[in-house]
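The data block below is model-v3.cif; it holds mmCIF, C-alpha atoms and all ligand atoms.
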```
data_work
#
loop_
_atom_site.label_atom_id
_atom_site.label_comp_id
_atom_site.auth_asym_id
_atom_site.auth_seq_id
_atom_site.Cartn_x
_atom_site.Cartn_y
_atom_site.Cartn_z
CA MET A 3 -52.56 -7.77 16.81
CA LYS A 4 -48.88 -8.32 17.46
CA TYR A 5 -47.94 -7.51 13.84
CA THR A 6 -50.07 -4.38 13.84
CA ALA A 7 -48.27 -3.15 16.92
CA ILE A 8 -44.84 -3.76 15.35
CA LEU A 9 -45.90 -2.02 12.15
CA LEU A 10 -47.17 0.99 14.09
CA LEU A 11 -43.90 1.16 15.96
CA LEU A 12 -41.85 0.97 12.77
CA LEU A 13 -43.95 3.37 10.74
CA PRO A 14 -42.45 6.62 12.07
CA CYS A 15 -38.91 5.28 11.46
CA VAL A 16 -39.74 4.35 7.87
CA ILE A 17 -41.28 7.73 7.14
CA TYR A 18 -38.42 9.57 8.88
CA GLY A 19 -35.79 7.46 7.12
CA ALA A 20 -37.34 8.00 3.70
CA SER A 21 -37.27 11.76 4.10
CA LEU A 22 -33.57 11.92 5.05
CA PRO A 23 -31.04 13.01 2.42
CA GLU A 24 -28.24 10.55 1.48
CA PRO A 25 -26.45 10.47 4.84
CA ARG A 26 -23.74 7.88 4.18
CA MET A 27 -20.45 9.73 3.72
CA THR A 28 -21.21 12.72 5.95
CA VAL A 29 -22.53 10.67 8.85
CA PHE A 30 -19.93 7.92 8.78
CA ALA A 31 -16.74 9.58 7.49
CA ALA A 32 -13.78 8.86 9.74
CA THR A 33 -12.43 11.78 11.74
CA ASN A 34 -8.71 12.58 11.90
CA ASP A 35 -8.59 11.27 15.47
CA GLU A 36 -10.25 8.02 14.46
CA LEU A 37 -7.63 7.57 11.74
CA LEU A 38 -4.80 8.08 14.25
CA ASN A 39 -6.42 5.59 16.57
CA VAL A 40 -7.07 2.85 14.03
CA ALA A 41 -3.58 3.36 12.57
CA GLU A 42 -2.08 2.64 16.01
CA GLN A 43 -4.24 -0.49 16.18
CA LEU A 44 -2.92 -1.66 12.80
CA TYR A 45 0.64 -0.97 13.94
CA SER A 46 0.30 -2.93 17.18
CA ALA A 47 -1.56 -5.78 15.46
CA ASP A 48 1.27 -6.32 12.99
CA VAL A 49 2.84 -9.54 14.27
CA ASN A 50 4.51 -10.36 10.94
CA LYS A 51 6.84 -7.37 10.78
CA ALA A 52 10.59 -7.85 11.08
CA ALA A 53 12.20 -7.92 14.51
CA SER A 54 15.31 -5.76 14.88
CA GLY A 55 17.82 -8.45 13.90
CA ASP A 56 15.81 -9.69 10.91
CA VAL A 57 16.90 -6.86 8.61
CA THR A 58 20.26 -5.10 8.58
CA LEU A 59 20.70 -1.96 6.54
CA ASN A 60 24.02 -0.52 5.43
CA LEU A 61 22.95 3.07 4.78
CA GLN A 62 26.46 4.36 3.97
CA TYR A 63 25.83 7.92 2.79
CA LYS A 64 23.19 10.51 3.59
CA ALA A 65 22.59 12.69 0.54
CA SER A 66 21.69 16.34 0.98
CA SER A 67 18.58 17.51 -0.85
CA ALA A 68 20.83 19.10 -3.48
CA GLN A 69 22.56 15.75 -4.06
CA THR A 70 19.50 13.50 -4.40
CA SER A 71 18.79 14.33 -8.04
CA SER A 72 22.42 13.99 -9.17
CA GLY A 73 22.35 10.22 -9.63
CA THR A 74 25.77 10.04 -7.97
CA ASP A 75 26.68 6.67 -6.49
CA PHE A 76 27.69 7.46 -2.92
CA ALA A 77 27.42 3.84 -1.80
CA SER A 78 29.80 1.15 -2.95
CA GLN A 79 27.91 -1.60 -1.15
CA ARG A 80 24.38 -2.88 -1.10
CA ILE A 81 21.95 -1.36 1.35
CA PHE A 82 20.53 -4.69 2.49
CA SER A 83 23.39 -6.46 4.29
CA TYR A 84 21.05 -9.05 5.70
CA VAL A 85 17.41 -10.12 5.56
CA ASN A 86 16.22 -13.13 7.50
CA GLU A 87 14.55 -14.73 4.49
CA ALA A 88 14.09 -18.10 6.16
CA LYS A 89 11.98 -16.49 8.84
CA LEU A 90 10.22 -13.58 7.14
CA PHE A 91 9.66 -14.87 3.62
CA ALA A 92 8.24 -18.14 4.92
CA ARG A 93 5.37 -16.17 6.40
CA PRO A 94 2.31 -16.58 4.16
CA THR A 95 1.65 -12.91 3.43
CA PHE A 96 5.32 -12.41 2.43
CA SER A 97 5.42 -15.52 0.25
CA ARG A 98 2.13 -14.56 -1.45
CA LEU A 99 3.47 -11.04 -2.07
CA ILE A 100 6.71 -12.39 -3.53
CA ALA A 101 4.76 -14.71 -5.83
CA LEU A 102 3.12 -11.63 -7.39
CA LEU A 103 6.34 -9.78 -8.10
CA ASP A 104 7.25 -11.67 -11.29
CA ASN A 105 3.86 -11.00 -12.90
CA TYR A 106 4.67 -7.60 -14.38
CA VAL A 107 6.36 -5.97 -17.37
CA LYS A 108 8.13 -3.10 -15.70
CA THR A 109 8.23 -0.68 -18.62
CA THR A 110 4.90 0.99 -19.40
CA GLY A 111 3.53 0.75 -22.94
CA THR A 112 3.18 -3.05 -22.96
CA ALA A 113 -0.16 -4.53 -21.96
CA GLU A 114 0.00 -6.73 -18.86
CA SER A 115 -1.19 -10.23 -19.66
CA VAL A 116 -3.01 -11.73 -16.71
CA PRO A 117 -3.37 -15.51 -17.07
CA SER A 118 -5.67 -17.30 -14.64
CA SER A 119 -2.60 -18.47 -12.69
CA GLU A 120 -1.88 -14.82 -11.84
CA ILE A 121 -5.49 -14.18 -10.81
CA THR A 122 -5.08 -17.18 -8.51
CA GLU A 123 -1.94 -15.58 -7.03
CA GLN A 124 -3.74 -12.26 -6.53
CA ASN A 125 -6.63 -14.02 -4.78
CA ALA A 126 -4.22 -16.03 -2.64
CA PHE A 127 -2.46 -12.83 -1.53
CA VAL A 128 -5.70 -11.04 -0.74
CA ASP A 129 -7.12 -14.09 1.06
CA GLU A 130 -3.96 -14.27 3.16
CA ILE A 131 -3.89 -10.60 4.17
CA PHE A 132 -7.57 -10.80 5.11
CA LYS A 133 -6.73 -13.59 7.57
CA THR A 134 -4.49 -11.26 9.58
CA THR A 135 -5.49 -9.22 12.63
CA VAL A 136 -4.25 -6.12 10.82
CA PHE A 137 -6.92 -6.63 8.18
CA SER A 138 -9.69 -7.65 10.52
CA ARG A 139 -9.10 -4.37 12.39
CA LEU A 140 -9.06 -2.37 9.16
CA SER A 141 -12.11 -4.12 7.82
CA SER A 142 -14.13 -3.62 11.03
CA PHE A 143 -13.17 0.03 11.03
CA LEU A 144 -14.16 0.72 7.41
CA VAL A 145 -17.42 -1.18 7.81
CA SER A 146 -18.25 0.54 11.11
CA LYS A 147 -17.69 3.93 9.48
CA GLY A 148 -19.96 3.08 6.56
CA TYR A 149 -17.34 2.95 3.81
CA TYR A 150 -18.35 -0.65 3.11
CA THR A 151 -21.35 -2.74 4.02
CA SER A 152 -19.36 -5.91 4.76
CA THR A 153 -15.89 -7.45 4.83
CA GLU A 154 -16.78 -9.22 1.56
CA SER A 155 -17.62 -5.98 -0.25
CA PHE A 156 -14.42 -4.38 1.11
CA LYS A 157 -12.37 -7.34 -0.09
CA ALA A 158 -13.94 -7.26 -3.57
CA ASP A 159 -13.28 -3.52 -3.82
CA LEU A 160 -9.70 -3.85 -2.58
CA LYS A 161 -8.97 -6.32 -5.40
CA GLU A 162 -10.36 -3.89 -7.99
CA MET A 163 -8.62 -0.81 -6.65
CA TRP A 164 -5.19 -2.45 -6.39
CA PHE A 165 -5.17 -5.05 -9.18
CA GLY A 166 -7.53 -3.59 -11.78
CA LEU A 167 -5.60 -2.63 -14.92
CA TYR A 168 -5.51 0.76 -16.60
CA THR A 169 -3.31 2.48 -19.15
CA ARG A 170 -0.59 5.00 -18.38
CA THR A 171 0.18 5.31 -22.09
CA LYS A 172 -3.24 5.96 -23.65
CA GLY A 173 -3.74 2.45 -25.00
CA PRO A 174 -2.41 -0.82 -23.58
CA LEU A 175 -3.58 -1.82 -20.10
CA ASP A 176 -0.04 -1.59 -18.76
CA SER A 177 -0.46 -0.61 -15.10
CA SER A 178 -2.21 -1.12 -11.79
CA GLY A 179 -1.90 0.34 -8.32
CA PHE A 180 -0.21 -2.82 -7.11
CA GLU A 181 2.29 -2.88 -9.97
CA HIS A 182 3.09 0.80 -9.47
CA ALA A 183 3.48 0.81 -5.68
CA PHE A 184 4.83 -2.66 -4.94
CA HIS A 185 6.63 -3.71 -8.13
CA GLY A 186 7.63 -0.38 -9.64
CA GLU A 187 7.50 0.82 -13.22
CA ILE A 188 9.73 2.48 -15.77
CA HIS A 189 7.76 5.35 -17.18
CA GLY A 190 8.98 8.40 -19.09
CA GLY A 191 12.60 7.30 -18.72
CA LYS A 192 12.44 7.16 -14.91
CA ILE A 193 11.50 4.81 -12.10
CA SER A 194 7.90 5.46 -11.17
CA GLY A 195 6.38 4.10 -7.96
CA PHE A 196 8.48 1.29 -6.43
CA HIS A 197 7.73 1.56 -2.73
CA SER A 198 8.19 -2.01 -1.52
CA TRP A 199 11.25 -2.91 0.52
CA VAL A 200 10.78 -6.60 -0.30
CA GLN A 201 10.91 -5.84 -4.02
CA PHE A 202 13.92 -3.55 -3.40
CA TYR A 203 15.75 -6.27 -1.50
CA LEU A 204 15.01 -8.96 -4.10
CA GLN A 205 15.93 -6.73 -7.05
CA GLU A 206 19.13 -5.63 -5.33
CA LYS A 207 20.03 -9.24 -4.60
CA ALA A 208 19.39 -10.09 -8.26
CA GLY A 209 21.83 -7.36 -9.32
CA GLN A 210 19.10 -5.19 -10.84
CA ILE A 211 19.32 -2.33 -8.34
CA ASN A 212 22.22 -0.05 -7.57
CA TYR A 213 21.66 1.70 -4.24
CA LEU A 214 23.13 5.23 -4.35
CA SER A 215 22.32 6.94 -1.02
CA TYR A 216 19.58 7.64 1.47
CA SER A 217 18.11 11.04 2.18
CA ALA A 218 15.61 10.29 4.95
CA ASP A 219 15.39 7.96 7.94
CA GLY A 220 12.17 8.04 9.96
CA PRO A 221 12.01 8.47 13.76
CA TRP A 222 11.38 4.78 14.48
CA THR A 223 14.01 2.76 16.31
CA SER A 224 12.50 -0.61 15.42
CA TYR A 225 10.81 -1.99 12.31
CA PRO A 226 8.88 -0.89 10.44
CA ASP A 227 10.81 2.28 9.72
CA VAL A 228 10.41 4.65 6.78
CA TYR A 229 13.28 5.68 4.52
CA GLY A 230 13.95 7.79 1.47
CA PHE A 231 16.40 6.18 -0.96
CA GLN A 232 18.17 7.14 -4.16
CA PHE A 233 18.72 4.21 -6.49
CA LYS A 234 18.97 2.96 -10.04
CA TRP A 235 16.93 0.11 -11.47
CA SER A 236 18.91 -1.11 -14.44
CA THR A 237 19.90 2.32 -15.84
CA TYR A 238 16.88 4.27 -14.60
CA LEU A 239 17.01 6.65 -11.66
CA LYS A 240 14.75 7.24 -8.66
CA THR A 241 15.76 10.50 -7.00
CA LEU A 242 13.53 9.92 -3.97
CA GLY A 243 12.04 6.50 -3.37
CA SER A 244 10.26 6.42 -0.05
CA MET A 245 9.31 3.12 1.51
CA PHE A 246 8.65 1.24 4.70
CA VAL A 247 11.40 -1.16 5.69
CA GLY A 248 10.75 -4.23 7.80
CA SER A 249 6.99 -3.93 7.54
CA SER A 250 4.72 -6.83 6.69
CA PRO A 251 2.92 -6.70 3.34
CA GLU A 252 -0.45 -6.58 5.11
CA TYR A 253 0.59 -3.57 7.18
CA GLU A 254 1.71 -1.62 4.11
CA ILE A 255 -1.37 -2.33 2.04
CA ALA A 256 -3.59 -1.74 5.08
CA VAL A 257 -2.28 1.77 5.81
CA TYR A 258 -2.28 2.67 2.12
CA THR A 259 -5.84 1.42 1.73
CA LEU A 260 -6.97 3.16 4.93
CA CYS A 261 -5.73 6.46 3.51
CA TYR A 262 -6.89 5.72 -0.02
CA VAL A 263 -10.45 5.02 1.10
CA THR A 264 -10.80 7.76 3.73
CA ARG A 265 -8.44 10.50 2.44
CA PRO A 266 -7.94 9.92 -1.30
CA ASP A 267 -5.67 12.24 -3.26
CA SER A 268 -4.28 13.87 -0.15
CA LEU A 269 -1.68 13.71 2.55
CA CYS A 270 -3.11 11.47 5.24
CA THR A 271 -1.81 11.74 8.79
CA LEU A 272 -1.60 8.53 10.76
CA ARG A 273 0.26 7.39 13.86
CA ALA A 274 2.55 4.42 14.34
CA GLY A 275 4.20 3.61 17.66
CA GLY A 276 3.51 7.13 18.90
CA GLN A 277 5.18 8.73 15.87
CA THR A 278 3.47 10.63 13.08
CA LEU A 279 3.25 8.69 9.84
CA LYS A 280 2.22 10.49 6.66
CA ILE A 281 0.86 8.63 3.65
CA GLN A 282 0.16 10.17 0.26
CA THR A 283 -2.28 8.45 -2.07
CA TYR A 284 -3.43 9.30 -5.58
CA THR A 285 -6.41 8.02 -7.50
CA TRP A 286 -6.22 7.30 -11.22
CA ALA A 287 -8.59 9.82 -12.77
CA ASN A 288 -8.64 8.60 -16.38
CA SER A 289 -10.64 5.40 -16.03
CA SER A 290 -12.84 3.76 -13.44
CA TYR A 291 -14.53 0.55 -12.35
CA GLY A 292 -17.91 -0.20 -10.85
CA ASN A 293 -19.99 2.89 -10.40
CA GLY A 294 -17.27 5.48 -11.06
CA LYS A 295 -14.77 4.13 -8.51
CA ARG A 296 -11.13 4.93 -9.10
CA TYR A 297 -8.09 2.68 -9.25
CA VAL A 298 -5.05 3.36 -7.09
CA ALA A 299 -2.56 5.47 -9.03
CA SER A 300 -0.02 5.63 -6.21
CA ALA A 301 0.45 5.28 -2.46
CA TYR A 302 3.58 5.79 -0.38
CA PRO A 303 4.92 7.06 2.93
CA VAL A 304 6.04 10.68 2.84
CA VAL A 305 9.53 11.49 4.15
C1 LIG B 401 -5.50 11.48 -18.40
O1 LIG B 401 -6.41 12.54 -18.51
C2 LIG B 401 -5.84 13.82 -18.61
C3 LIG B 401 -6.95 14.84 -18.60
O2 LIG B 401 -7.94 14.53 -19.52
C4 LIG B 401 -4.97 13.89 -19.89
O3 LIG B 401 -4.35 15.15 -19.96
C5 LIG B 401 -3.94 12.80 -19.82
O4 LIG B 401 -3.18 12.79 -21.03
C6 LIG B 401 -4.57 11.44 -19.61
N1 LIG B 401 -3.52 10.44 -19.42
C7 LIG B 401 -3.60 9.20 -19.89
C8 LIG B 401 -2.42 8.35 -19.67
O5 LIG B 401 -4.57 8.77 -20.46
#
```

The structure in this file should be written as structure tokens.
Amino acid sequence: MKYTAILLLLLPCVIYGASLPEPRMTVFAATNDELLNVAEQLYSADVNKAASGDVTLNLQYKASSAQTSSGTDFASQRIFSYVNEAKLFARPTFSRLIALLDNYVKTTGTAESVPSSEITEQNAFVDEIFKTTVFSRLSSFLVSKGYYTSTESFKADLKEMWFGLYTRTKGPLDSSGFEHAFHGEIHGGKISGFHSWVQFYLQEKAGQINYLSYSADGPWTSYPDVYGFQFKWSTYLKTLGSMFVGSSPEYEIAVYTLCYVTRPDSLCTLRAGGQTLKIQTYTWANSSYGNGKRYVASAYPVV
């Protein structure tokens, strides 16, 4: 009797549900206002970002838009005068990020070898960012909006989209979204990608980067801020390298992923500390994983 009653109650829902068209993306897609709101939550949840005194920049020279492509060295000194490594890089998400940065061949055309030790490092990084409040907020948001069914499926997809390999040179699996955005690549005789301030700092410290000038400084008065830099990596030039400075790794990959999942291949408007933050993402259209899902081709803040 009881079961019959429950069945009768459920029957209309089952019939109604079966007759509905695929509602997933249209019903659950995040609105622009929801993106602004969750972006502010990610910003305020970011406890691992640098405090004001943890990073000191020596900007030196502001290049005009006509000067950015010249490759002229307007700065005789490094841009990073000081980074509180003992404090920031001891934090687990920073140390896991840094562990990944020696895993890549920077010039495209050579297949990336990925020994199991590097898979372990990737998993350790992803595990660590998923422990943060920034990621629990992002994960809850994407699941609540129907982009993923669970934190686990989001995490599995994040690994594929950022670390899955593809070829930029029609052959060897020489690239990934992570390598492009966080490590940087030399492609077609230029620096391609390279949007991580931690990588910039470490490469500059190692004598591999020559900072030339800056062309943009975001409206923030504390970290993270967003800058546009001109620089050389060995002999190769980046005429406009935009990046967060002073952000935590989890914050960067969270805002990129938020935009990549909800507003792929477009300019995505977020908010951070009451200021507008624009993120551009691109999907890699030439190969896919899973059921036609695309790898990250690029993601960066727009200045
Ligand atoms: C990607 O696909 C486009 C369009 O088919 C093609 O023009 C381009 O050469 C491809 N690039 C690579 C690296 O495979």

Selection near Thr271 of chain A, 12 Å with only C-alpha atoms, sequence-local residues under 2 positions removed, as an MDAnalysis selection string = chainID A and resid 33:42 257:258 260:262 264:266 268:269 273:274 277:283 303:304

Per-residue nearest contacts of segment 91-203 of chain A to segment 240-243 of chain A (10 Å; only C-alpha atoms) as a Markdown table:
```
| residue | atom | partner | partner_atom | distance |
| --- | --- | --- | --- | --- |
| A:Ile188 | CA | A:Lys240 | CA | 9.9 |
| A:Lys192 | CA | A:Lys240 | CA | 6.7 |
| A:Ile193 | CA | A:Lys240 | CA | 5.3 |
| A:Ser194 | CA | A:Lys240 | CA | 7.5 |
| A:Gly195 | CA | A:Gly243 | CA | 7.7 |
| A:Phe196 | CA | A:Gly243 | CA | 7.0 |
| A:His197 | CA | A:Gly243 | CA | 6.6 |
| A:Ser198 | CA | A:Gly243 | CA | 9.5 |
```

For Ile211 of chain A, find every residue with an atom within 7 Å (counting all atoms listed in the file), except residues of its own chain fewer than 2 positions away, and show them as a VMD selection string. chain A and resid 205 to 206 209 213 233 to 236

Which is closest to Leu140 of chain A among A:Ala47, A:Ala92, A:Leu103, A:Ala31, if we use only C-alpha atoms?
->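 Looking only at the distances to Leu140 of chain A, the closest residue turns out to be A:Ala47.
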
With 7 Å as the cut-off and all atoms listed in the file counted, what is the closest atom pair between each nearby residue of chain A and ligand LIG 401 (chain B)? Distances in Å to one decimal, ordered by chain and number, as CSV.
```
residue,atom,partner,partner_atom,distance
A:Thr169,CA,B:LIG401,C8,6.0
A:Arg170,CA,B:LIG401,C8,4.0
A:Thr171,CA,B:LIG401,C8,4.7
A:Lys172,CA,B:LIG401,O5,4.5
A:Ala287,CA,B:LIG401,C1,6.6
A:Asn288,CA,B:LIG401,C1,4.7
```

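Separating atom CA of Gly186 of chain A from atom CA of Lys108 of chain A is a distance of 6.7 Å.
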
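Separating atom CA of Val85 of chain A from atom CA of Gln232 of chain A is a distance of 19.8 Å.
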
What separates atom CA of Thr110 of chain A and atom CA of Phe202 of chain A is a distance of 18.9 Å

Please identify all polymer residues within 8 Å of Thr112 of chain A, counting only C-alpha atoms, omitting same-chain residues fewer than 3 positions from it, and present them as a ChimeraX atom specification.
/A:107,109,174-176

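Counting all atoms listed in the file, the residue from A:Ala218, A:Ala68, A:Ala126, A:Ala299 that sits nearest to Ile100 of chain A is A:Ala126.
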
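In terms of minimum interatomic distance to Glu187 of chain A, A:Leu239 ranks closest within A:Leu61, A:Leu239, A:Ala53, A:Leu144, counting all atoms listed in the file.
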
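Once all atoms listed in the file are considered, the residues situated within 9 Å of the file point (-7.1, 2.7, -12.4) turn out to be Glu162, Met163, Trp164, Phe165, Gly166, Leu167, Tyr168, Thr169, Ser177, Ser178, Gly179, Thr285, Trp286, Ala287, Asn288, Ser289, Ser290, Tyr291, Lys295, Arg296, Tyr297, Val298 and Ala299 of chain A.
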
Quiz item: Which is closest to Ile81 of chain A among A:Arg98, A:Lys161, A:Lys133, A:Lys207, if we use all atoms listed in the file?
Solution: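 When distances to Ile81 of chain A are compared using all atoms listed in the file, the smallest one comes from A:Lys207.
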
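Distances to Thr58 of chain A were evaluated for A:Gln124, A:Ser138, A:Ser224, A:Ser152 using all atoms listed in the file, and the minimum falls at A:Ser224.
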
Quiz prompt | Which residue of A:Phe91, A:Thr74, A:Ser83, A:Gln201 approaches Glu181 of chain A most closely, using all atoms listed in the file | solution =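 That would be A:Gln201, the residue with the smallest distance to Glu181 of chain A.
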